[in-house]
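Q: Coordinates in input.tsv, TSV, N, CA and C atoms, are listed below.
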chain	number	residue	atom	x	y	z
A	27	MET	N	71.79	108.89	91.88
A	27	MET	CA	72.92	108.30	91.19
A	27	MET	C	72.84	108.68	89.71
A	28	SER	N	73.94	109.09	89.14
A	28	SER	CA	73.95	109.50	87.74
A	28	SER	C	74.05	108.27	86.83
A	29	ALA	N	73.59	108.45	85.61
A	29	ALA	CA	73.60	107.37	84.63
A	29	ALA	C	75.02	107.03	84.20
A	30	LEU	N	75.24	105.79	83.89
A	30	LEU	CA	76.50	105.31	83.33
A	30	LEU	C	76.61	105.83	81.91
A	31	ARG	N	77.68	106.56	81.60
A	31	ARG	CA	77.88	107.17	80.28
A	31	ARG	C	78.59	106.17	79.38
A	32	VAL	N	77.89	105.73	78.33
A	32	VAL	CA	78.37	104.64	77.49
A	32	VAL	C	78.55	105.10	76.04
A	33	GLY	N	79.59	104.60	75.41
A	33	GLY	CA	79.80	104.80	73.99
A	33	GLY	C	79.79	103.46	73.28
A	34	VAL	N	79.26	103.44	72.06
A	34	VAL	CA	79.29	102.23	71.24
A	34	VAL	C	80.19	102.53	70.05
A	35	ILE	N	81.20	101.70	69.89
A	35	ILE	CA	82.17	101.86	68.80
A	35	ILE	C	81.93	100.78	67.76
A	36	GLY	N	81.50	101.21	66.60
A	36	GLY	CA	81.14	100.30	65.53
A	36	GLY	C	79.65	100.04	65.56
A	37	VAL	N	78.93	100.63	64.62
A	37	VAL	CA	77.48	100.48	64.62
A	37	VAL	C	76.98	99.90	63.30
A	38	GLY	N	77.65	98.83	62.89
A	38	GLY	CA	77.21	98.09	61.72
A	38	GLY	C	76.09	97.13	62.09
A	39	HIS	N	76.09	95.97	61.50
A	39	HIS	CA	75.01	94.99	61.68
A	39	HIS	C	74.74	94.68	63.15
A	40	LEU	N	75.77	94.35	63.93
A	40	LEU	CA	75.57	94.04	65.34
A	40	LEU	C	75.64	95.27	66.23
A	41	GLY	N	76.52	96.19	65.90
A	41	GLY	CA	76.69	97.38	66.74
A	41	GLY	C	75.44	98.22	66.88
A	42	GLN	N	74.62	98.27	65.83
A	42	GLN	CA	73.38	99.04	65.93
A	42	GLN	C	72.48	98.47	67.02
A	43	HIS	N	72.52	97.16	67.20
A	43	HIS	CA	71.71	96.54	68.25
A	43	HIS	C	72.28	96.85	69.63
A	44	HIS	N	73.60	96.92	69.74
A	44	HIS	CA	74.21	97.34	71.01
A	44	HIS	C	73.77	98.75	71.35
A	45	ALA	N	73.78	99.65	70.38
A	45	ALA	CA	73.34	101.03	70.62
A	45	ALA	C	71.88	101.06	71.07
A	46	ARG	N	71.03	100.30	70.41
A	46	ARG	CA	69.62	100.24	70.78
A	46	ARG	C	69.46	99.74	72.22
A	47	LEU	N	70.17	98.68	72.55
A	47	LEU	CA	70.05	98.11	73.89
A	47	LEU	C	70.60	99.04	74.97
A	48	VAL	N	71.76	99.64	74.70
A	48	VAL	CA	72.33	100.58	75.68
A	48	VAL	C	71.36	101.73	75.91
A	49	SER	N	70.76	102.24	74.84
A	49	SER	CA	69.86	103.38	74.98
A	49	SER	C	68.61	103.04	75.78
A	50	SER	N	68.27	101.76	75.89
A	50	SER	CA	67.07	101.37	76.62
A	50	SER	C	67.34	100.90	78.05
A	51	LEU	N	68.60	100.82	78.43
A	51	LEU	CA	68.93	100.32	79.77
A	51	LEU	C	68.70	101.38	80.84
A	52	PRO	N	67.96	101.03	81.88
A	52	PRO	CA	67.83	101.97	83.01
A	52	PRO	C	69.21	102.19	83.63
A	53	GLY	N	69.54	103.41	83.92
A	53	GLY	CA	70.82	103.71	84.54
A	53	GLY	C	71.96	103.88	83.57
A	54	ALA	N	71.67	103.80	82.28
A	54	ALA	CA	72.71	103.99	81.25
A	54	ALA	C	72.27	105.10	80.31
A	55	GLU	N	73.24	105.83	79.79
A	55	GLU	CA	72.99	106.87	78.81
A	55	GLU	C	73.93	106.67	77.64
A	56	LEU	N	73.39	106.52	76.46
A	56	LEU	CA	74.20	106.41	75.25
A	56	LEU	C	74.67	107.82	74.89
A	57	VAL	N	75.96	108.09	75.05
A	57	VAL	CA	76.46	109.45	74.82
A	57	VAL	C	77.31	109.57	73.58
A	58	ALA	N	77.82	108.45	73.05
A	58	ALA	CA	78.67	108.51	71.85
A	58	ALA	C	78.40	107.30	70.98
A	59	VAL	N	78.28	107.57	69.68
A	59	VAL	CA	78.09	106.53	68.67
A	59	VAL	C	79.22	106.73	67.66
A	60	VAL	N	80.09	105.72	67.54
A	60	VAL	CA	81.29	105.86	66.71
A	60	VAL	C	81.26	104.85	65.56
A	61	ASP	N	81.53	105.33	64.37
A	61	ASP	CA	81.69	104.45	63.22
A	61	ASP	C	82.58	105.15	62.22
A	62	ALA	N	83.44	104.40	61.54
A	62	ALA	CA	84.31	104.99	60.51
A	62	ALA	C	83.47	105.64	59.42
A	63	ASN	N	82.25	105.15	59.23
A	63	ASN	CA	81.30	105.75	58.31
A	63	ASN	C	80.46	106.74	59.12
A	64	LEU	N	80.83	108.02	59.06
A	64	LEU	CA	80.17	109.04	59.88
A	64	LEU	C	78.67	109.12	59.60
A	65	GLU	N	78.27	108.93	58.36
A	65	GLU	CA	76.83	108.96	58.05
A	65	GLU	C	76.10	107.85	58.79
A	66	ARG	N	76.73	106.69	58.88
A	66	ARG	CA	76.14	105.57	59.63
A	66	ARG	C	76.03	105.94	61.11
A	67	ALA	N	77.08	106.53	61.66
A	67	ALA	CA	77.04	106.96	63.06
A	67	ALA	C	75.93	107.99	63.27
A	68	ARG	N	75.77	108.89	62.34
A	68	ARG	CA	74.70	109.90	62.45
A	68	ARG	C	73.32	109.25	62.42
A	69	THR	N	73.14	108.28	61.55
A	69	THR	CA	71.85	107.59	61.45
A	69	THR	C	71.50	106.90	62.75
A	70	ILE	N	72.44	106.14	63.29
A	70	ILE	CA	72.19	105.39	64.53
A	70	ILE	C	72.01	106.34	65.71
A	71	ALA	N	72.82	107.38	65.79
A	71	ALA	CA	72.66	108.37	66.86
A	71	ALA	C	71.29	109.05	66.76
A	72	GLY	N	70.84	109.30	65.55
A	72	GLY	CA	69.52	109.89	65.36
A	72	GLY	C	68.40	108.99	65.85
A	73	GLN	N	68.61	107.70	65.77
A	73	GLN	CA	67.59	106.74	66.21
A	73	GLN	C	67.62	106.51	67.71
A	74	TYR	N	68.83	106.45	68.30
A	74	TYR	CA	68.96	106.00	69.68
A	74	TYR	C	69.59	107.00	70.63
A	75	GLY	N	70.06	108.12	70.13
A	75	GLY	CA	70.69	109.12	70.99
A	75	GLY	C	72.20	109.08	70.86
A	76	GLY	N	72.83	109.94	71.61
A	76	GLY	CA	74.28	110.03	71.56
A	76	GLY	C	74.75	110.96	70.46
A	77	VAL	N	76.01	111.29	70.51
A	77	VAL	CA	76.63	112.16	69.52
A	77	VAL	C	77.43	111.30	68.56
A	78	PRO	N	77.24	111.49	67.25
A	78	PRO	CA	78.00	110.69	66.29
A	78	PRO	C	79.45	111.14	66.17
A	79	HIS	N	80.34	110.16	65.98
A	79	HIS	CA	81.77	110.41	65.79
A	79	HIS	C	82.29	109.46	64.73
A	80	ALA	N	83.28	109.92	63.96
A	80	ALA	CA	83.91	109.07	62.94
A	80	ALA	C	85.09	108.28	63.50
A	81	ASP	N	85.60	108.68	64.66
A	81	ASP	CA	86.70	107.96	65.30
A	81	ASP	C	86.66	108.26	66.79
A	82	THR	N	87.59	107.70	67.54
A	82	THR	CA	87.58	107.83	69.01
A	82	THR	C	88.43	108.97	69.53
A	83	SER	N	88.96	109.81	68.65
A	83	SER	CA	89.91	110.83	69.08
A	83	SER	C	89.32	111.94	69.92
A	84	ALA	N	88.04	112.22	69.80
A	84	ALA	CA	87.45	113.37	70.52
A	84	ALA	C	86.20	112.97	71.29
A	85	LEU	N	86.21	111.80	71.89
A	85	LEU	CA	85.05	111.36	72.64
A	85	LEU	C	84.94	112.08	73.97
A	86	PRO	N	83.72	112.25	74.46
A	86	PRO	CA	83.55	112.82	75.80
A	86	PRO	C	83.99	111.80	76.84
A	87	THR	N	83.97	112.17	78.09
A	87	THR	CA	84.29	111.24	79.16
A	87	THR	C	83.23	110.14	79.20
A	88	LEU	N	83.69	108.90	79.21
A	88	LEU	CA	82.80	107.74	79.21
A	88	LEU	C	83.11	106.86	80.40
A	89	ASP	N	82.08	106.18	80.89
A	89	ASP	CA	82.27	105.20	81.95
A	89	ASP	C	82.47	103.79	81.40
A	90	ALA	N	81.95	103.57	80.19
A	90	ALA	CA	82.05	102.24	79.57
A	90	ALA	C	81.95	102.38	78.06
A	91	VAL	N	82.53	101.42	77.37
A	91	VAL	CA	82.38	101.36	75.91
A	91	VAL	C	82.01	99.94	75.51
A	92	VAL	N	81.27	99.87	74.43
A	92	VAL	CA	80.99	98.60	73.76
A	92	VAL	C	81.75	98.66	72.44
A	93	ILE	N	82.62	97.70	72.23
A	93	ILE	CA	83.37	97.67	70.98
A	93	ILE	C	82.73	96.61	70.09
A	94	ALA	N	82.07	97.09	69.05
A	94	ALA	CA	81.37	96.20	68.12
A	94	ALA	C	81.94	96.34	66.71
A	95	ALA	N	83.18	96.75	66.65
A	95	ALA	CA	83.90	96.88	65.38
A	95	ALA	C	84.44	95.50	65.00
A	96	PRO	N	84.99	95.36	63.80
A	96	PRO	CA	85.57	94.07	63.41
A	96	PRO	C	86.63	93.59	64.41
A	97	THR	N	86.67	92.30	64.61
A	97	THR	CA	87.56	91.69	65.60
A	97	THR	C	89.02	92.10	65.40
A	98	THR	N	89.43	92.29	64.17
A	98	THR	CA	90.83	92.61	63.88
A	98	THR	C	91.26	93.95	64.46
A	99	VAL	N	90.32	94.82	64.81
A	99	VAL	CA	90.68	96.13	65.38
A	99	VAL	C	90.31	96.27	66.86
A	100	HIS	N	89.81	95.20	67.47
A	100	HIS	CA	89.43	95.27	68.89
A	100	HIS	C	90.58	95.73	69.78
A	101	HIS	N	91.73	95.12	69.61
A	101	HIS	CA	92.87	95.45	70.47
A	101	HIS	C	93.23	96.93	70.37
A	102	ALA	N	93.38	97.42	69.17
A	102	ALA	CA	93.76	98.82	68.97
A	102	ALA	C	92.71	99.78	69.53
A	103	LEU	N	91.45	99.43	69.41
A	103	LEU	CA	90.39	100.29	69.93
A	103	LEU	C	90.29	100.20	71.45
A	104	ALA	N	90.48	99.02	72.01
A	104	ALA	CA	90.27	98.82	73.44
A	104	ALA	C	91.41	99.35	74.31
A	105	MET	N	92.65	99.27	73.84
A	105	MET	CA	93.79	99.60	74.68
A	105	MET	C	93.74	101.02	75.29
A	106	PRO	N	93.42	102.05	74.54
A	106	PRO	CA	93.36	103.37	75.18
A	106	PRO	C	92.33	103.46	76.30
A	107	PHE	N	91.22	102.75	76.15
A	107	PHE	CA	90.19	102.77	77.19
A	107	PHE	C	90.65	101.97	78.40
A	108	LEU	N	91.29	100.82	78.17
A	108	LEU	CA	91.80	100.03	79.27
A	108	LEU	C	92.90	100.76	80.03
A	109	GLN	N	93.73	101.50	79.33
A	109	GLN	CA	94.81	102.23	79.97
A	109	GLN	C	94.28	103.43	80.76
A	110	ALA	N	93.16	103.98	80.34
A	110	ALA	CA	92.56	105.12	81.06
A	110	ALA	C	91.95	104.66	82.36
For the file at hand, write its structure as structure tokens.

A:
Amino acid sequence: MSALRVGVIGVGHLGQHHARLVSSLPGAELVAVVDANLERARTIAGQYGGVPHADTSALPTLDAVVIAAPTTVHHALAMPFLQA
């Protein structure tokens, strides 16, 4: 069985912990780390794996996402994934 391909969107104070936890889960692979601050995404991806992205426009195929961005943008970030 192949690993669940997961992306974490928003890797600030709480999101970095989501990335760490996803990267340690058996059966899961952290493949994308997204943050509006690309340097922050690069730092977290360097620690836990995945490819850093500044936005969600060019993400690889994912099986699941964790949205850890500010609550005010949850809806806008989640809708494209829910519709897919």

Q: Show which residues sit within 7 Å of segment 38-55 of chain A, as a PyMOL selection string. Count only N, CA and C atoms, and ignore same-chain residues fewer than 2 positions away.

A: chain A and resi 28-36+57-58+61+70+74-76+93-95

Q: To test your reading of the structure, identify every residue in chain A that backbone DSSP assigns to strand (DSSP E or B), and report it as number ranges by chain.

A: A: 30-35, 54-60, 77-79, 90-93

Q: With all atoms listed in the file as the counted atoms, please give the residues lying no more than 6.5 Å from Ala62 of chain A, apart from itself and same-chain residues fewer than 4 positions off, as a ChimeraX atom specification.

A: /A:36,79-81

Q: With N, CA and C atoms kept, could you save the residues just selected as a compact mmCIF listing (two decimals), in the frame of the given file?

A:
# COMPACT_ATOMS: atom_id res chain seq x y z
N GLY A 36 81.50 101.21 66.60
CA GLY A 36 81.14 100.30 65.53
C GLY A 36 79.65 100.04 65.56
N HIS A 79 80.34 110.16 65.98
CA HIS A 79 81.77 110.41 65.79
C HIS A 79 82.29 109.46 64.73
N ALA A 80 83.28 109.92 63.96
CA ALA A 80 83.91 109.07 62.94
C ALA A 80 85.09 108.28 63.50
N ASP A 81 85.60 108.68 64.66
CA ASP A 81 86.70 107.96 65.30
C ASP A 81 86.66 108.26 66.79

Q: Kindly indicate which residue among A:Ala104, A:Met27, A:Ala110, A:Val37 lies nearest to Ala67 of chain A, using only C-alpha atoms for the distances.

A: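 Using only C-alpha atoms, the shortest distance to Ala67 of chain A belongs to A:Val37.
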
Q: Starting from 3 Å padding per side, set up an axis-aligned box that covers all listed atoms of segment 91-94 of chain A and hand over centre and edge lengths in Å, one decimal, as AutoDock Vina command-line options.

A:
--center_x 82.2 --center_y 98.8 --center_z 72.0 --size_x 8.4 --size_y 11.2 --size_z 16.7

Q: Any idea what the distance is between atom CA of Pro86 of chain A and atom CA of Val59 of chain A?

A: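 Here the two named atoms are 11.0 Å from each other.
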
Q: Under the rule that only C-alpha atoms are counted, which of A:Gln109, A:Thr87, A:Thr97, A:Thr82 is the nearest residue to Leu64 of chain A?

A: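 Of A:Gln109, A:Thr87, A:Thr97, A:Thr82, the one nearest Leu64 of chain A, counting only C-alpha atoms, is A:Thr82.
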